[in-house]
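Have a look at upload21.cif; it's mmCIF, C-alpha atoms:
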data_protein
loop_
_atom_site.label_atom_id
_atom_site.label_comp_id
_atom_site.auth_asym_id
_atom_site.auth_seq_id
_atom_site.Cartn_x
_atom_site.Cartn_y
_atom_site.Cartn_z
CA MET M 1 48.96 49.92 -20.25
CA GLY M 2 51.33 47.07 -20.66
CA SER M 3 48.62 44.46 -19.96
CA LYS M 4 46.30 46.07 -22.51
CA MET M 5 48.94 45.99 -25.19
CA PHE M 6 49.55 42.34 -24.42
CA ALA M 7 45.88 41.52 -24.82
CA VAL M 8 45.63 43.26 -28.15
CA ARG M 9 48.68 41.44 -29.43
CA SER M 10 47.19 38.04 -28.45
CA ILE M 11 43.88 38.74 -30.20
CA ARG M 12 45.69 39.78 -33.33
CA SER M 13 47.68 36.54 -33.26
CA LEU M 14 44.46 34.52 -32.87
CA GLN M 15 42.90 36.34 -35.82
CA PHE M 16 45.91 35.51 -37.90
CA THR M 17 45.70 31.78 -37.07
CA PHE M 18 41.93 31.63 -37.79
CA SER M 19 42.39 33.20 -41.20
CA GLN M 20 45.00 30.57 -42.00
CA LEU M 21 42.63 27.73 -41.03
CA GLY M 22 39.80 29.19 -43.04
CA GLY M 23 41.99 29.34 -46.04
CA THR M 24 42.98 25.65 -45.78
CA GLN M 25 39.37 24.57 -45.46
CA GLN M 26 38.41 26.47 -48.54
CA CYS M 27 41.17 24.76 -50.44
CA LEU M 28 39.92 21.30 -49.42
CA ARG M 29 36.40 22.09 -50.53
CA SER M 30 37.50 23.06 -54.01
CA LEU M 31 39.61 19.87 -54.45
CA SER M 32 36.82 17.39 -53.48
CA GLY M 33 34.26 18.75 -55.91
CA SER M 34 30.49 18.92 -55.72
CA SER M 35 29.67 15.14 -55.98
CA ASN M 36 30.88 13.93 -52.55
CA VAL M 37 29.50 16.82 -50.56
CA VAL M 38 28.42 15.42 -47.16
CA LYS M 39 25.01 16.82 -46.16
CA LYS M 40 24.92 18.06 -42.60
CA ASN M 41 21.47 16.38 -42.00
CA ASP M 42 22.82 12.77 -42.10
CA ASP M 43 24.52 13.35 -38.78
CA MET M 44 21.25 14.01 -36.91
CA PRO M 45 19.46 11.12 -35.04
CA LEU M 46 16.55 9.38 -36.80
CA GLN M 47 13.04 9.88 -35.46
CA MET M 48 11.65 6.52 -34.28
CA GLU M 49 9.57 5.05 -31.48
CA ASN M 50 11.59 4.02 -28.42
CA PRO M 51 12.72 0.42 -29.22
CA TYR M 52 13.29 -0.35 -25.53
CA LYS M 53 9.82 0.73 -24.47
CA GLN M 54 8.30 -1.58 -21.84
CA PRO M 55 4.55 -2.27 -21.65
CA GLN M 56 2.79 0.00 -19.19
CA LYS M 57 2.45 -1.69 -15.83
CA GLY M 58 -0.85 -1.18 -14.03
CA CYS M 59 -1.74 -1.80 -10.42
CA ILE M 60 -3.12 -5.22 -9.44
CA LEU M 61 -6.73 -4.06 -9.67
CA CYS M 62 -6.48 -2.75 -13.24
CA ASN M 63 -9.67 -3.65 -15.13
CA ILE M 64 -11.31 -5.22 -12.05
CA THR M 65 -14.57 -3.65 -10.84
CA VAL M 66 -14.59 -2.95 -7.12
CA ASP M 67 -17.93 -3.64 -5.42
CA PHE M 68 -19.16 -3.42 -1.83
CA LYS M 69 -20.68 -6.90 -2.22
CA ASN M 70 -17.30 -8.47 -2.97
CA VAL M 71 -16.31 -8.68 0.69
CA GLN M 72 -13.55 -11.23 0.03
CA LEU M 73 -11.72 -8.84 -2.29
CA LEU M 74 -12.13 -5.94 0.13
CA SER M 75 -10.88 -8.07 3.02
CA GLN M 76 -7.57 -8.58 1.24
CA PHE M 77 -6.76 -4.89 1.78
CA VAL M 78 -7.61 -4.90 5.47
CA SER M 79 -5.52 -5.87 8.50
CA PRO M 80 -6.44 -9.30 9.88
CA HIS M 81 -5.77 -8.23 13.47
CA THR M 82 -7.53 -4.88 13.67
CA GLY M 83 -9.63 -4.63 10.51
CA ARG M 84 -7.96 -1.33 9.52
CA VAL M 85 -7.63 -0.41 5.84
CA TYR M 86 -4.04 -0.45 4.58
CA GLY M 87 -2.52 2.67 3.08
CA ARG M 88 -1.31 3.10 -0.50
CA HIS M 89 2.31 2.39 0.41
CA ILE M 90 1.25 -1.08 1.58
CA THR M 91 -1.39 -2.05 -0.97
CA GLY M 92 0.55 -0.74 -4.00
CA LEU M 93 -2.64 0.40 -5.73
CA CYS M 94 -2.96 3.41 -8.00
CA GLY M 95 -4.82 6.49 -6.73
CA LYS M 96 -8.14 5.72 -8.37
CA LYS M 97 -8.35 2.11 -7.23
CA GLN M 98 -7.20 2.89 -3.68
CA ARG M 99 -9.97 5.45 -3.34
CA GLU M 100 -12.54 3.00 -4.79
CA ILE M 101 -11.46 0.30 -2.33
CA GLY M 102 -11.60 2.70 0.59
CA LYS M 103 -15.06 3.92 -0.32
CA ALA M 104 -16.34 0.38 -0.92
CA ILE M 105 -15.01 -0.78 2.46
CA LYS M 106 -16.70 2.12 4.23
CA LYS M 107 -19.94 1.34 2.39
CA ALA M 108 -19.76 -2.33 3.31
CA HIS M 109 -19.16 -1.37 6.97
CA SER M 110 -22.19 0.87 7.16
CA MET M 111 -24.49 -1.49 5.28
CA GLY M 112 -23.70 -4.48 7.50
CA PHE M 113 -21.75 -6.52 4.94
CA MET M 114 -18.27 -6.34 6.42
CA SER M 115 -16.94 -6.23 9.94
CA VAL M 116 -15.20 -3.10 11.19
CA THR M 117 -12.94 -4.42 13.92
CA HIS M 118 -11.74 -7.69 12.45
CA LYS M 119 -11.37 -9.61 9.21
CA ASP M 120 -13.86 -12.38 8.45
CA PRO M 121 -12.27 -15.68 9.61
CA HIS M 122 -13.25 -17.39 6.35
CA PHE M 123 -10.97 -14.97 4.46
CA MET M 124 -7.94 -15.34 6.72
CA LYS M 125 -6.32 -17.95 4.49
CA ASP M 126 -6.48 -15.75 1.35
CA PRO M 127 -3.19 -15.01 -0.46
CA ASN M 128 -1.42 -11.90 0.78
CA ILE M 129 -1.29 -9.25 -1.96
CA CYS M 130 -0.29 -6.37 0.24
CA ASP M 131 3.32 -5.52 0.93
CA ILE M 132 3.14 -6.43 4.59
CA ARG M 133 4.57 -9.24 6.68
CA HIS M 134 2.60 -10.37 9.67
CA LEU M 135 4.16 -11.78 12.81
CA GLU M 136 3.85 -15.58 13.33
CA MET L 4 -35.38 6.84 -14.52
CA PRO L 5 -32.19 6.21 -12.56
CA ARG L 6 -31.38 2.71 -11.46
CA TYR L 7 -31.26 1.83 -7.76
CA GLU L 8 -30.24 -1.16 -5.70
CA LEU L 9 -31.85 -2.04 -2.39
CA ALA L 10 -29.53 -4.03 -0.14
CA LEU L 11 -31.87 -5.57 2.39
CA ILE L 12 -30.78 -7.36 5.54
CA VAL L 13 -33.73 -9.20 7.02
CA LYS L 14 -34.26 -11.09 10.25
CA ALA L 15 -33.37 -14.78 10.18
CA MET L 16 -36.81 -16.34 9.69
CA GLN L 17 -38.41 -19.45 8.23
CA ARG L 18 -38.89 -19.68 4.49
CA PRO L 19 -42.61 -18.77 4.26
CA GLU L 20 -42.14 -15.68 6.42
CA THR L 21 -39.15 -14.49 4.39
CA ALA L 22 -41.18 -15.06 1.22
CA ALA L 23 -44.06 -13.00 2.62
CA LEU L 24 -41.69 -10.19 3.58
CA LEU L 25 -40.09 -10.09 0.14
CA ARG L 26 -43.52 -10.17 -1.49
CA ARG L 27 -44.78 -7.17 0.45
CA THR L 28 -41.50 -5.28 -0.11
CA VAL L 29 -41.70 -5.73 -3.88
CA GLU L 30 -45.40 -4.84 -3.81
CA THR L 31 -44.57 -1.63 -1.95
CA LEU L 32 -41.99 -0.81 -4.57
CA MET L 33 -44.41 -1.40 -7.41
CA GLU L 34 -47.15 0.63 -5.69
CA ARG L 35 -44.78 3.59 -5.59
CA GLY L 36 -44.17 3.33 -9.31
CA ALA L 37 -40.85 1.49 -9.36
CA VAL L 38 -40.01 -1.08 -12.01
CA VAL L 39 -38.39 -4.06 -10.28
CA ARG L 40 -35.64 -5.51 -12.40
CA GLY L 41 -34.62 -8.50 -10.33
CA LEU L 42 -34.11 -10.01 -6.93
CA GLU L 43 -30.98 -11.75 -5.70
CA ASN L 44 -30.57 -13.90 -2.62
CA LEU L 45 -27.09 -13.70 -1.10
CA GLY L 46 -27.96 -16.33 1.51
CA GLU L 47 -28.44 -16.35 5.26
CA LYS L 48 -25.17 -15.42 6.92
CA LEU L 49 -23.77 -14.48 10.28
CA LEU L 50 -23.91 -10.70 10.58
CA PRO L 51 -20.47 -9.01 10.73
CA TYR L 52 -21.47 -7.40 14.04
CA LYS L 53 -24.53 -7.70 16.29
CA ILE L 54 -27.25 -5.28 15.20
CA SER L 55 -29.94 -4.05 17.57
CA LYS L 56 -33.18 -3.19 15.80
CA HIS L 57 -36.83 -3.05 16.90
CA ASN L 58 -35.95 -4.13 20.46
CA GLU L 59 -34.08 -7.22 19.29
CA ARG L 60 -30.40 -8.12 19.07
CA HIS L 61 -29.74 -9.84 15.74
CA THR L 62 -26.82 -12.19 15.12
CA ARG L 63 -27.85 -13.85 11.87
CA GLY L 64 -29.60 -12.34 8.87
CA GLY L 65 -30.75 -12.97 5.34
CA TYR L 66 -29.15 -10.82 2.64
CA PHE L 67 -31.17 -9.77 -0.40
CA LEU L 68 -30.50 -7.40 -3.30
CA ILE L 69 -33.38 -5.80 -5.20
CA ASP L 70 -32.52 -4.05 -8.44
CA PHE L 71 -35.09 -1.50 -9.59
CA HIS L 72 -35.71 1.61 -11.65
CA ALA L 73 -37.56 4.41 -9.90
CA ALA L 74 -38.13 8.15 -9.73
CA PRO L 75 -35.73 9.78 -7.27
CA GLY L 76 -38.61 11.22 -5.23
CA ILE L 77 -39.79 7.88 -3.81
CA VAL L 78 -36.50 6.88 -2.24
CA THR L 79 -36.91 8.67 1.09
CA GLY L 80 -40.50 7.47 1.43
CA LEU L 81 -39.43 3.92 0.71
CA LEU L 82 -36.62 3.98 3.28
CA ASP L 83 -39.05 5.38 5.84
CA HIS L 84 -41.47 2.53 5.18
CA LEU L 85 -38.74 -0.12 5.41
CA GLU L 86 -37.39 1.24 8.68
CA ARG L 87 -40.81 0.72 10.21
CA ASP L 88 -41.04 -2.93 9.11
CA ILE L 89 -40.12 -5.05 12.12
CA ASP L 90 -38.70 -7.92 10.06
CA VAL L 91 -36.16 -5.71 8.28
CA VAL L 92 -32.85 -5.29 10.08
CA ARG L 93 -31.04 -2.85 7.78
CA PRO L 94 -32.33 -1.36 4.50
CA THR L 95 -29.99 0.58 2.24
CA VAL L 96 -30.78 2.12 -1.14
CA LEU L 97 -27.85 2.80 -3.45
CA LYS L 98 -27.62 4.36 -6.89
CA ASN L 99 -26.53 1.82 -9.46
CA ASP L 100 -25.97 3.62 -12.75
CA PRO L 101 -23.54 1.84 -15.06
CA GLU L 102 -20.47 4.06 -15.44
CA PRO L 103 -18.81 4.45 -18.83
CA SER L 104 -15.58 2.48 -18.74
CA ASN L 105 -12.68 4.92 -18.83
CA GLY L 106 -9.44 4.56 -20.77
CA PRO L 107 -6.30 2.93 -19.36
CA CYS L 108 -6.74 2.49 -15.63
CA CYS L 109 -3.27 3.33 -14.38
CA GLY L 110 -1.51 6.13 -16.24
CA PRO L 111 2.24 6.63 -16.37
CA PRO L 112 3.83 7.14 -12.94
CA VAL L 113 4.23 10.70 -11.64
CA ALA L 114 8.07 10.59 -11.74
CA SER L 115 8.19 10.45 -15.56
CA LYS L 116 5.84 13.45 -15.84
CA LEU L 117 8.23 15.51 -13.70
CA GLN L 118 11.11 14.58 -15.98
CA ASP L 119 9.24 15.83 -19.01
CA THR L 120 8.53 19.19 -17.45
CA VAL L 121 12.17 19.59 -16.32
#

Take the structure in this file and express it as C-alpha cells.
Amino acid sequence: MGSKMFAVRSIRSLQFTFSQLGGTQQCLRSLSGSSNVVKKNDDMPLQMENPYKQPQKGCILCNITVDFKNVQLLSQFVSPHTGRVYGRHITGLCGKKQREIGKAIKKAHSMGFMSVTHKDPHFMKDPNICDIRHLE
Amino acid sequence: MPRYELALIVKAMQRPETAALLRRTVETLMERGAVVRGLENLGEKLLPYKISKHNERHTRGGYFLIDFHAAPGIVTGLLDHLERDIDVVRPTVLKNDPEPSNGPCCGPPVASKLQDTV
C-alpha cells in the first residue's frame, strides 16, 4: 500500500512539472510572433547522390571476350607446375568470368589446343595476374 | 541458319597435300548445303599432347578454323565423315552465334547487397 501511494505521488509531481514547461513554451511562441517561425523540415537531411561514391571496380577480365583459341590468356589462370585451373580466391575474377575461363580451358583441353598436365613453355614468362606466389 | 566453327587439327603434311585436304573438306561442306564464311590458318604447331589417330602417333599438327553457316542436321554427318578421313587428327564443330553484349560485367559485390537487406 505504501509503495503504491508513493508511485501515485511521483506521477502527480511529474504531471505538475510538465504542465509548467508547457506553459513556458507557449509563452515563448506568442512573444516571437509568426514571422520567425522555424519550419521543422529544414532540419532534415537533403536528398543528393553520394558525393564520396567510387567508380565501380570490375574484375580484370571486364569487357574482354574469353575464347578457347586464346591459349595464352587461358594459360595465365593455370598452374605452371601441374596445369591445374586456379580457383576464384586466387584468380580474383567475378563469377561470370571465372566460369567462362573454366569452360574455355576445358574446351581447349578436349579440342587439342591446350595441354592438360602442364603450361606451355612459351607462356611461362607471362606476367603473373593471379594472387599466388611460386617457389623459386 | 546457325553459325558453326570447325576447329580442324590435321596431320603435319607438305603444302600441296594440306591444300588438297582443305579443298575436299570445304567441298564436303558445300555439298551438304553449308555456306562457308571463311578459313583461317593458325599455323603448324607442336600438339599439346601426343594424339594417336588412325594407327599413327602425332606430335605436330596444322591448326585450321573453318567458319560456316549450316542447318543443324548436317553436323553429325559431317563429323562422321571427318573422323574417317585419315589426314584429320581431331575435328571439332562448335556453335558460334554472336551473343548480345550484356550490361556491366561485374555488378556490385555481394556484401553491399546484404547490407541493404539488413

At most 7 Å to chain M: residues in chain L, all atoms listed in the file, as a compact mmCIF listing (two decimals) with C-alpha atoms, in the coordinates of the input:
# COMPACT_ATOMS: atom_id res chain seq x y z
CA LEU L 50 -23.91 -10.70 10.58
CA PRO L 51 -20.47 -9.01 10.73
CA TYR L 52 -21.47 -7.40 14.04
CA THR L 95 -29.99 0.58 2.24
CA CYS L 108 -6.74 2.49 -15.63
CA CYS L 109 -3.27 3.33 -14.38

Would you work out the distance separating CA of Met124 in chain M from CA of Ser75 in chain M, expressed in Å to one decimal?
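Computed distance, CA of Met124 in chain M to CA of Ser75 in chain M, equals 8.7 Å.
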
Taking (-9.7, -2.0, -3.2) in the file's coordinates, which residues come within 8 Å, counting all atoms listed in the file, written as a PyMOL selection string?
chain M and resi 61+66+73-74+77+93+97-102+104-105

Using the chain letters and numbers from the file, which residues does the PyMOL selection byres ((chain L and resi 53-62) around 9) grab, as an NGL selection string?
(:M and (112)) or (:L and (14-15 or 48-52 or 63-64 or 87-93))

Got a sec: who's within 7 Å of Asn99 in chain L, counting all atoms listed in the file, leaving out chain neighbours fewer than 4 positions off, as a ChimeraX atom specification?
/L:6-8

Work out how far CA of Gly80 in chain L is from CA of Arg27 in chain L, in Å to one decimal.
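Between these atoms lies a distance of 15.3 Å.
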
Taking the file above as input, evaluate the PyMOL selection byres ((chain M and resi 125-135) around 10) and report the hits as a PyMOL selection string.
chain M and resi 60+72-73+75-81+86-93+121-124+136

Residue members of the PyMOL selection byres ((chain L and resi 70) around 6) in the file shown, as number ranges by chain
L: 8, 40-41, 69, 71

Please write as a list in words the list of polymer residues whose atoms come within 8 Å of (-37.1, 5.1, -12.9), counting only C-alpha atoms and keeping to the coordinates of the file.
Met4, Pro5, Arg6, Ala37, Val38, Phe71, His72, Ala73, Ala74 and Pro75 of chain L

For CA of Lys106 in chain M and CA of Leu97 in chain L, quote the distance in Å rounded to one decimal.
13.6 Å

Range 79-90 of chain M rebuilt with all heavy atoms, output as a JSON list (two decimals), in the frame of the given file:
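Output below, filename selection_6.json:
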[["chain", "number", "residue", "atom", "x", "y", "z"],
["M", 79, "SER", "N", -6.36, -5.13, 7.56],
["M", 79, "SER", "CA", -5.52, -5.87, 8.50],
["M", 79, "SER", "C", -6.31, -7.00, 9.15],
["M", 79, "SER", "O", -7.45, -6.81, 9.54],
["M", 79, "SER", "CB", -5.02, -4.91, 9.57],
["M", 79, "SER", "OG", -4.52, -5.63, 10.68],
["M", 80, "PRO", "N", -5.71, -8.19, 9.26],
["M", 80, "PRO", "CA", -6.44, -9.30, 9.88],
["M", 80, "PRO", "C", -6.59, -9.17, 11.39],
["M", 80, "PRO", "O", -7.48, -9.77, 11.99],
["M", 80, "PRO", "CB", -5.59, -10.53, 9.53],
["M", 80, "PRO", "CG", -4.23, -9.99, 9.30],
["M", 80, "PRO", "CD", -4.38, -8.60, 8.80],
["M", 81, "HIS", "N", -5.72, -8.36, 12.01],
["M", 81, "HIS", "CA", -5.77, -8.23, 13.47],
["M", 81, "HIS", "C", -6.74, -7.15, 13.91],
["M", 81, "HIS", "O", -7.49, -7.34, 14.87],
["M", 81, "HIS", "CB", -4.39, -7.90, 14.02],
["M", 81, "HIS", "CG", -3.33, -8.84, 13.56],
["M", 81, "HIS", "ND1", -3.32, -10.17, 13.90],
["M", 81, "HIS", "CD2", -2.25, -8.65, 12.77],
["M", 81, "HIS", "CE1", -2.28, -10.76, 13.36],
["M", 81, "HIS", "NE2", -1.61, -9.86, 12.66],
["M", 82, "THR", "N", -6.72, -6.01, 13.22],
["M", 82, "THR", "CA", -7.53, -4.88, 13.67],
["M", 82, "THR", "C", -8.66, -4.53, 12.71],
["M", 82, "THR", "O", -9.56, -3.80, 13.08],
["M", 82, "THR", "CB", -6.66, -3.62, 13.80],
["M", 82, "THR", "OG1", -5.94, -3.45, 12.58],
["M", 82, "THR", "CG2", -5.70, -3.74, 14.95],
["M", 83, "GLY", "N", -8.60, -4.99, 11.47],
["M", 83, "GLY", "CA", -9.63, -4.63, 10.51],
["M", 83, "GLY", "C", -9.42, -3.26, 9.90],
["M", 83, "GLY", "O", -10.30, -2.73, 9.24],
["M", 84, "ARG", "N", -8.23, -2.67, 10.07],
["M", 84, "ARG", "CA", -7.96, -1.33, 9.52],
["M", 84, "ARG", "C", -7.58, -1.44, 8.05],
["M", 84, "ARG", "O", -6.93, -2.41, 7.64],
["M", 84, "ARG", "CB", -6.83, -0.66, 10.29],
["M", 84, "ARG", "CG", -7.24, -0.37, 11.73],
["M", 84, "ARG", "CD", -6.16, 0.34, 12.45],
["M", 84, "ARG", "NE", -6.10, 1.74, 12.04],
["M", 84, "ARG", "CZ", -5.15, 2.57, 12.43],
["M", 84, "ARG", "NH1", -4.18, 2.15, 13.22],
["M", 84, "ARG", "NH2", -5.14, 3.81, 12.03],
["M", 85, "VAL", "N", -7.96, -0.43, 7.27],
["M", 85, "VAL", "CA", -7.63, -0.41, 5.84],
["M", 85, "VAL", "C", -6.16, -0.02, 5.67],
["M", 85, "VAL", "O", -5.69, 0.92, 6.29],
["M", 85, "VAL", "CB", -8.52, 0.62, 5.10],
["M", 85, "VAL", "CG1", -8.33, 0.52, 3.62],
["M", 85, "VAL", "CG2", -9.98, 0.42, 5.46],
["M", 86, "TYR", "N", -5.45, -0.76, 4.82],
["M", 86, "TYR", "CA", -4.04, -0.45, 4.58],
["M", 86, "TYR", "C", -3.89, 0.77, 3.69],
["M", 86, "TYR", "O", -4.71, 1.02, 2.83],
["M", 86, "TYR", "CB", -3.35, -1.65, 3.90],
["M", 86, "TYR", "CG", -3.13, -2.83, 4.79],
["M", 86, "TYR", "CD1", -3.37, -4.12, 4.34],
["M", 86, "TYR", "CD2", -2.66, -2.68, 6.10],
["M", 86, "TYR", "CE1", -3.15, -5.22, 5.14],
["M", 86, "TYR", "CE2", -2.45, -3.77, 6.91],
["M", 86, "TYR", "CZ", -2.69, -5.04, 6.42],
["M", 86, "TYR", "OH", -2.48, -6.13, 7.22],
["M", 87, "GLY", "N", -2.78, 1.49, 3.89],
["M", 87, "GLY", "CA", -2.52, 2.67, 3.08],
["M", 87, "GLY", "C", -1.94, 2.29, 1.73],
["M", 87, "GLY", "O", -1.66, 1.13, 1.44],
["M", 88, "ARG", "N", -1.77, 3.33, 0.87],
["M", 88, "ARG", "CA", -1.31, 3.10, -0.50],
["M", 88, "ARG", "C", 0.10, 2.53, -0.57],
["M", 88, "ARG", "O", 0.43, 1.77, -1.48],
["M", 88, "ARG", "CB", -1.35, 4.42, -1.25],
["M", 88, "ARG", "CG", -1.54, 4.24, -2.75],
["M", 88, "ARG", "CD", -1.84, 5.55, -3.39],
["M", 88, "ARG", "NE", -3.01, 6.19, -2.82],
["M", 88, "ARG", "CZ", -3.51, 7.33, -3.27],
["M", 88, "ARG", "NH1", -2.96, 7.94, -4.26],
["M", 88, "ARG", "NH2", -4.58, 7.86, -2.70],
["M", 89, "HIS", "N", 0.93, 2.88, 0.43],
["M", 89, "HIS", "CA", 2.31, 2.39, 0.41],
["M", 89, "HIS", "C", 2.38, 0.90, 0.74],
["M", 89, "HIS", "O", 3.39, 0.26, 0.48],
["M", 89, "HIS", "CB", 3.15, 3.19, 1.40],
["M", 89, "HIS", "CG", 2.65, 3.13, 2.80],
["M", 89, "HIS", "ND1", 1.51, 3.74, 3.22],
["M", 89, "HIS", "CD2", 3.16, 2.52, 3.89],
["M", 89, "HIS", "CE1", 1.32, 3.52, 4.51],
["M", 89, "HIS", "NE2", 2.30, 2.77, 4.95],
["M", 90, "ILE", "N", 1.29, 0.35, 1.27],
["M", 90, "ILE", "CA", 1.25, -1.08, 1.58],
["M", 90, "ILE", "C", 0.52, -1.85, 0.48],
["M", 90, "ILE", "O", 0.95, -2.91, 0.05],
["M", 90, "ILE", "CB", 0.59, -1.33, 2.95],
["M", 90, "ILE", "CG1", 1.39, -0.64, 4.06],
["M", 90, "ILE", "CG2", 0.46, -2.82, 3.23],
["M", 90, "ILE", "CD1", 0.75, -0.69, 5.41]]
